[in-house]
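Student: One structure, pasted below without further comment.
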Amino acid sequence: MMRLIPLAGILLTTCLLASCNLEKEVDIDLPDHMTLPVVEAYLEPGKPYRLLLPRSFGYFDDLDFGDPAAALIQGASVVIRHAGMEVVLDNQLYVDPVNFHVANYGSPELVPDDLDHPFELEIILPDGHQLTATTRLLPSVAIDSLVVEYNADSMARVLTFFTESPSETNFYRRILQFGASADSTLQDFVVKDDFFQTDKGVFGTGYAFRPGDTLHHTLIHLDKAGYDYMNTVNQSVNANLNPFGQPGLIVSNIQGTRTASGIFTGLRPFRVMLILP
Amino acid sequence: MLPEYMKKLLLSALWGLCLLPSVFGQRTVHGTVTDAESGETLIGATVRIKGTDEGTITNEYGFFSLRIPGRDTVVLETSYVGYPLTEGYVTPETTLPLSIRLQAGQILEEVVVQSNSYREQLNSTQMSVQEISAREAKVIPAVFGESDIIKTIQLKPGINSGSEGNTGLIVRGGSADQNLFILDEAIVYNPNHLFGFFSTFNTDAVKDVRVFKGGFPAQYGGRLSSVIDVKLNEGNNQRLSGTGGVGLIASRLTLEAPLVRDRSSLIVSGRRTYADLITRGINRANRDNPDFAPIPDYYFYDLNAKVNYRISDRDRLFVSGYFGRDDFGFKDENFHFGFIWGNASGTARWNRVIQPHLFANTSVTFSDYLYRISNRLTGFSFNLESRIRDINLKSDFTWTPDNNHHIRMGAEVTRHQFAVGRLKAGSDDGTVSFAAGQDLVAAGGAIYLQDEWQTHTPLNVSLGLRLSGFLQDQKFYGGIEPRLAASYKLTPDFAIKASYARMMQYLHLVANSSISLPTDVWYPSTAGVKPQISDQVSAGWQWLPGARYMISHEVYYKHLDNQVDFKNFADLFANDRLEEEFTFGKGYAYGTELYFEKKEGALTGWIGYTLAWVRRGAFNDIMDGRYFSPRYDRRHDISVVAMYNLNRRLTFTATWVYGSGDLAWLPTGRFTHQDIPGTNIKPVVPIYDDRNNVRLPAYHRLDLGMVIRFFPRWGESDLTISIYNAYDRRNPYFLYLDAETTTDPDLNTEVIQSIKARQVSLFPIIPSLTYNFKF
């Protein structure tokens with residue numbers, strides 16, 4: 001028996017040495033990808049109309065990083081119709097210097113705060129194909145209260161309460177950002193209210209904050225299209241990295257004479273900033 | 001060595017004796033065949049009238065019934081794998097029932113019978129069946145040295161694992177939920193520990209495993225693709241004995257003893273992992289270290305217990321039970337997370353010999369599978385659980401009116417109770433409350449009849465019929481399930497066989513991953529969910545080129561109807577309207593399996609090769625109804641298993657497996673999602689097109705093992721050294737596409753630098769050491 005102990009030691013050492021490098025780069029051939037136009041347009045009342053129209057790439061396609069505009073589809077005709085009005089979006093680069101948000105179509109006209117009438121998008125692509133989408137603004141849902149609780153170690157958690165209607169299906173996006181300039185996102189997810197039994201909803205954090213910390217709470221009341229799009233985008237990203245994840249197709253509300261992806265939706269976020277006492 | 005006549009004398013002394021007078025010139029002898037040392041009944045032992053082809057085999061309760069000439073003294077030969085051939089005289093005065101006790105042979109003993117089982121297989125109409133012995137499973141090297149019956153099954157042709165190291169079974173293109181696992185007649189719904197890396201079956205407690213891939217006997221039903229029938233040991237009714245082992249991750253102990261010698265025995269078997277004992281120690285040692293992140297607790301355990309009592313020569317009672325749990329938890333002063341899952345089952349069984357030619361088995365079984373996730377934060381709690389619980393009553397009769405007909409008939413009823421995704425969460429004061437889930441009840445039943453007809457010509461036929469039904473909320477489904485099989489012996493050593501079987505499956509596993517997870521839940525057929533149906537035809541030949549070898553070849557085609565899959569990004573987690581996420585389609589699988597086996601001599605083992613295709617389609621919500629290959633559509637599969645007994649003390653084992661790579665569903669394209677102002681950009685959003693569009697690199701692996709046996713005074717022990725993945729092959733577990741990004745300081749946004757495919761492997765070379773003992 002004693003003679004076997006060195007053998008066991010050698011075996012264990014071999015195991016430990018070999019247990020590294022369980023991940024490696026491999027060459028694979030992916031099937032060809034048919035490039036899609038991708039639309040991103042969020043209508044926020046009081047803000048100018050903006051629309052980003054890039055295209056998709058094959059997964060391994062090289063991109064000229066010195067020329068990001070190459071990723072954009074230029075020369076399309078973009079129109080948004082609302083309550084009998086027609087807004088034409090010009091094809092030029094718009095950069096929001098505060099949020100570094102980019103659009104390649106836009107208009108100086110502001111999005112009206114009108115919940116009663118739909119917004120209709122029509123895009124004629126340079127190749128003649130037409131893309132369309134329709135959306136409505138939804139009433140924003142207010143954050144009722146922020147409750148701060150400290151534990152024995154003087155660490156705080158924050159509970160975000162809001163009121164909702166359990167009799168209808170609602171969709172929400174919750175964003176929690178940290179720091180005075182909100183540059184660190186701690187939570188960002190979408191939920192639907194299928195399970196809510198009362199008219200109170202709550203989002204919470206762990207005991208992770210100290211007095212003086214700044215938290216930015218955002219609650220967005222989404223329409224179903226917005227929820228489906230965000231949900232499937234998030235799941236697609238996760239499925240690529242998760243062996244238990246099931247991939248799927250991104251659900252988009254962009255219709256047309258050719259396949260496209262993206263989202264055209266309203267945006268009325270409710271935002272609260274809190275500096276922890 | 002004893003002289004031959006002394007051997008015969010001693011062997012006949014082991015028989016209990018009696019005779020039933022017969023007015024028809026023939027009489028029926030019946031009895032049981034058991035192991036002489038432990039009293040365990042032996043399943044599938046051959047009892048034959050010497051010098052004739054009249055014979056039978058013991059059923060799964062060790063019982064046999066055979067017609068013999070009324071006035072003559074006959075010699076009965078009894079044989080069983082691993083035991084010497086024994087003979088005994090039956091005279092008109094012999095007392096019935098016979099109690100034939102076989103003395104186990106030693107490894108390498110020349111007279112040990114191995115090949116006789118080949119002869120029985122050749123004679124039988126049954127095809128597409130694999131028998132696995134616990135003895136084989138114990139010496140075949142396994143990951144972390146934990147021997148596992150299910151992983152041994154995966155080395156047989158036509159059977160694959162769902163993924164590396166996983167105990168899920170893919171049998172002839174059927175999905176992992178289409179396998180019926182039976183433990184002492186009770187269904188096991190999730191036969192996995194540790195996310196499928198270990199099965200729930202403790203090899204020390206297992207007596208016999210039969211795997212049916214096709215040609216299903218009529219007494220089995222409820223799943224489309226396979227039946228894995230596991231019988232537990234009954235317990236030594238002669239003396240106290242035990243087995244156990246200490247391994248890298250778990251230890252086990254089995255004790256068995258007579259309660260009343262020759263009449264009643266008890267067996268208790270337990271197993272537990274102990275990684276949690278180490279991690280708790282590490283956590284305690286770092287309690288005051290603020291930078292230390294505590295390691296969550298994880299362990300699993302299972303317990304088997306069985307007691308049997310022979311009430312009379314005609315009646316015998318068995319009660320057995322299984323209880324297993326996996327427990328994963330994390331706790332600190334603010335956070336209390338727990339995740340438990342496991343099976344429980346119980347069986348009460350009554351065997352009665354009604355007449356010498358009529359044997360009855362009546363059983364009541366209980367099965368339960370549960371998972372529960374609970375979390376508690378100050379002022380809030382979250383509980384999610386799913387469960388399936390069955391109670392089943394079954395009566396099964398074995399009737400042998402003569403030596404030409406072996407008839408199985410019976411009936412069963414089952415009550416199923418489901419709790420699907422029961423969610424309860426909210427604040428302690430009740431102002432915030434979430435709830436979801438469904439409670440469902442269903443009932444199922446079946447009657448069956450099967451005649452194994454030995455025509456005493458080269459042609460043998462098996463005709464069976466199973467009538468099944470299922471009721472859920474006033475919706476009734478019925479099914480007629482014919483089971484046909486025939487064999488034709490072209491020569492004494494060569495037979496051709498064919499079979500057809502229809503199977504109906506009324507329960508469906510809601511699992512959105514190819515990997516078996518504890519959170520997979522079972523869902524019944526309802527008004528909106530039809531039962532799954534399979535029709536399988538198989539044909540093949542079996543050849544015994546010598547006494548020690550067996551070669552078989554089968555081709556099969558399986559058609560699958562009402563297959564359940566899930567819609568795009570289905571929400572299977574705590575969903576009140578789960579059925580709305582289902583989509584229904586069809587499938588088919590075909591292939592061929594070649595199998596060569598040697599069971600006798602110093603070198604034993606097998607070589608299996610499978611060439612197979614699987615397709616699924618006609619789902620309204622998947623790829624516009626087009627057909628696609630599931631992930632496990634492997635074209636080639638080879639397994640080579642060799643066990644070499646150098647001498648009584650040393651056994652060497654080697655296993656090599658090769659399989660075409662699994663399919664993976666990888667994105668073909670990507671785009672950048674900028675998102676709303678103020679949020680983080682997603683530089684790479686994958687675009688997925690058709691399912692399972694890339695084939696992963698091939699899988700192959702060599703495992704080596706060595707068993708060194710010791711023979712101390714108190715019994716026997718061994719040191720099993722195994723090396724899993726001996727040449728350290730990096731087999732793909734999954735592939736992902738990795739985008740390396742950097743943050744552009746000017747735009748404060750992420751920019752893609754490069755995109756690569758990366759392969760993740762699970763197990764490198766893993767040596768392990770297990771100490772086993774037996775007394």
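In the structure tokens, chains take the letters A, B, ... in the order shown, each chain's residues start at 1, and ligands count up from 1 in the order shown.
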At most 10 Å is the cut-off: for each residue in region 282-355 of chain B with any atom that close to an atom of region 231-234 of chain B, write down the nearest atom pair and the distance in Å rounded to one decimal, counting only C-alpha atoms, chain first then increasing number, as a tab-separated table.

Tutor:
residue	atom	partner	partner_atom	distance
B:Asn304	CA	B:Leu232	CA	8.5
B:Ala305	CA	B:Leu232	CA	9.0
B:Lys306	CA	B:Glu234	CA	6.3
B:Val307	CA	B:Glu234	CA	6.9
B:Asn308	CA	B:Glu234	CA	6.8
B:Phe318	CA	B:Glu234	CA	8.3
B:Val319	CA	B:Glu234	CA	9.6
B:Ser320	CA	B:Leu232	CA	8.6
B:Gly321	CA	B:Leu232	CA	9.8

Student: Write down as a VMD selection string the residues belonging to region 6-185 of chain A that are assigned alpha helix (DSSP H) by DSSP computed on the backbone.

Tutor: chain A and resid 6 to 18

Student: Next, write the just-selected residues to a file, as a short mmCIF file (atom, residue, chain, number, x, y, z; two decimals), in the first residue's frame, keeping C-alpha atoms as the atom set.

Tutor:
data_model
loop_
_atom_site.label_atom_id
_atom_site.label_comp_id
_atom_site.auth_asym_id
_atom_site.auth_seq_id
_atom_site.Cartn_x
_atom_site.Cartn_y
_atom_site.Cartn_z
CA PRO A 6 4.07 8.11 -4.68
CA LEU A 7 2.04 6.83 -7.62
CA ALA A 8 -1.02 8.66 -6.33
CA GLY A 9 1.10 11.80 -5.95
CA ILE A 10 2.29 11.60 -9.54
CA LEU A 11 -1.26 11.08 -10.76
CA LEU A 12 -2.54 14.06 -8.78
CA THR A 13 0.26 16.32 -10.04
CA THR A 14 -0.44 15.26 -13.62
CA CYS A 15 -4.07 16.12 -13.06
CA LEU A 16 -3.30 19.56 -11.67
CA LEU A 17 -0.92 20.38 -14.49
CA ALA A 18 -3.35 19.23 -17.11
#

Student: Can you list, as number ranges by chain, every protein, DNA or RNA residue that comes within 12 Å of region 143-156 of chain A when you count only C-alpha atoms, leaving out same-chain residues fewer than 4 positions away?

Tutor: A: 160-164, 172, 174, 199-221, 269-277; B: 290, 333-335, 377-379

Student: Taking the DSSP secondary structure from the backbone, can you list the residues of region 34-160 of chain A that are strand (DSSP E or B), as an MDAnalysis selection string?

Tutor: chainID A and resid 37:43 48:52 54:55 57:58 72 77:82 85:90 94:96 101:103 105:110 119:124 130:135 143:150 156:160

Student: Any idea what's packed within 7 Å of region 281-283 of chain B, counting only C-alpha atoms, ignoring anything in its chain fewer than 3 positions away? Could you give it as number ranges by chain?

Tutor: B: 277-278, 286-287, 294-295

Student: Would you put the residues from that selection into a file with N, CA and C atoms, as a PDB file, in the first residue's frame?

Tutor:
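Final file, out.pdb:
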ATOM      1  N   LEU B 277     -17.683  19.393   3.063  1.00  0.00           N
ATOM      2  CA  LEU B 277     -16.986  19.379   4.342  1.00  0.00           C
ATOM      3  C   LEU B 277     -15.679  20.168   4.229  1.00  0.00           C
ATOM      4  N   ILE B 278     -15.070  20.068   3.044  1.00  0.00           N
ATOM      5  CA  ILE B 278     -13.812  20.808   2.815  1.00  0.00           C
ATOM      6  C   ILE B 278     -14.103  22.303   2.647  1.00  0.00           C
ATOM      7  N   ASN B 286     -11.587  31.358   6.805  1.00  0.00           N
ATOM      8  CA  ASN B 286     -11.516  32.711   6.239  1.00  0.00           C
ATOM      9  C   ASN B 286     -12.631  33.621   6.739  1.00  0.00           C
ATOM     10  N   ARG B 287     -13.240  33.206   7.836  1.00  0.00           N
ATOM     11  CA  ARG B 287     -14.397  33.964   8.335  1.00  0.00           C
ATOM     12  C   ARG B 287     -14.073  35.437   8.552  1.00  0.00           C
ATOM     13  N   PRO B 294     -17.095  33.636   0.287  1.00  0.00           N
ATOM     14  CA  PRO B 294     -17.367  32.263   0.741  1.00  0.00           C
ATOM     15  C   PRO B 294     -17.776  31.343  -0.411  1.00  0.00           C
ATOM     16  N   ILE B 295     -17.377  30.081  -0.306  1.00  0.00           N
ATOM     17  CA  ILE B 295     -17.700  29.085  -1.332  1.00  0.00           C
ATOM     18  C   ILE B 295     -19.052  28.476  -0.980  1.00  0.00           C
TER      19      ILE B 295
END

Student: List as JSON, numbers by chain the protein and nucleic acid residues near region 714-727 of chain B, meaning an atom at most 8 Å away when only C-alpha atoms are counted, but skip any in the same chain fewer than 2 places from it.

Tutor: {"B": [139, 141, 142, 143, 144, 145, 701, 702, 703, 704, 705, 706, 707, 708, 709, 710, 711, 712, 729, 763, 764, 765, 766, 767, 768, 769, 770, 771, 772, 773, 774, 775]}

Student: Find the spatial neighbours of region 68-79 of chain A, counting only C-alpha atoms, within a cut-off of 7 Å - ignore same-chain residues fewer than 6 positions away - and output them as a ChimeraX atom specification.

Tutor: /A:53-55,86-89,91,121-126

Student: Taking into account only C-alpha atoms, which residue in the set B:Thr414, B:Ser38, B:Ser433, B:Ser525 is nearest to chain A?

Tutor: B:Ser433

Student: Choose the residue, out of A:Asp116, A:Asp127, A:Asp96, A:Asp62, that has the smallest atom-to-atom separation from Pro37 (chain A); count only C-alpha atoms.

Tutor: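 With only C-alpha atoms as the atom set, the closest residue is A:Asp127.
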
Student: Mind checking which residues fall within 7 Å of region 417-427 of chain B, counting only C-alpha atoms, ignoring those fewer than 2 positions away in the same chain, and posting them as a ChimeraX atom specification?

Tutor: /B:379-390,415,429-442,521,573-575
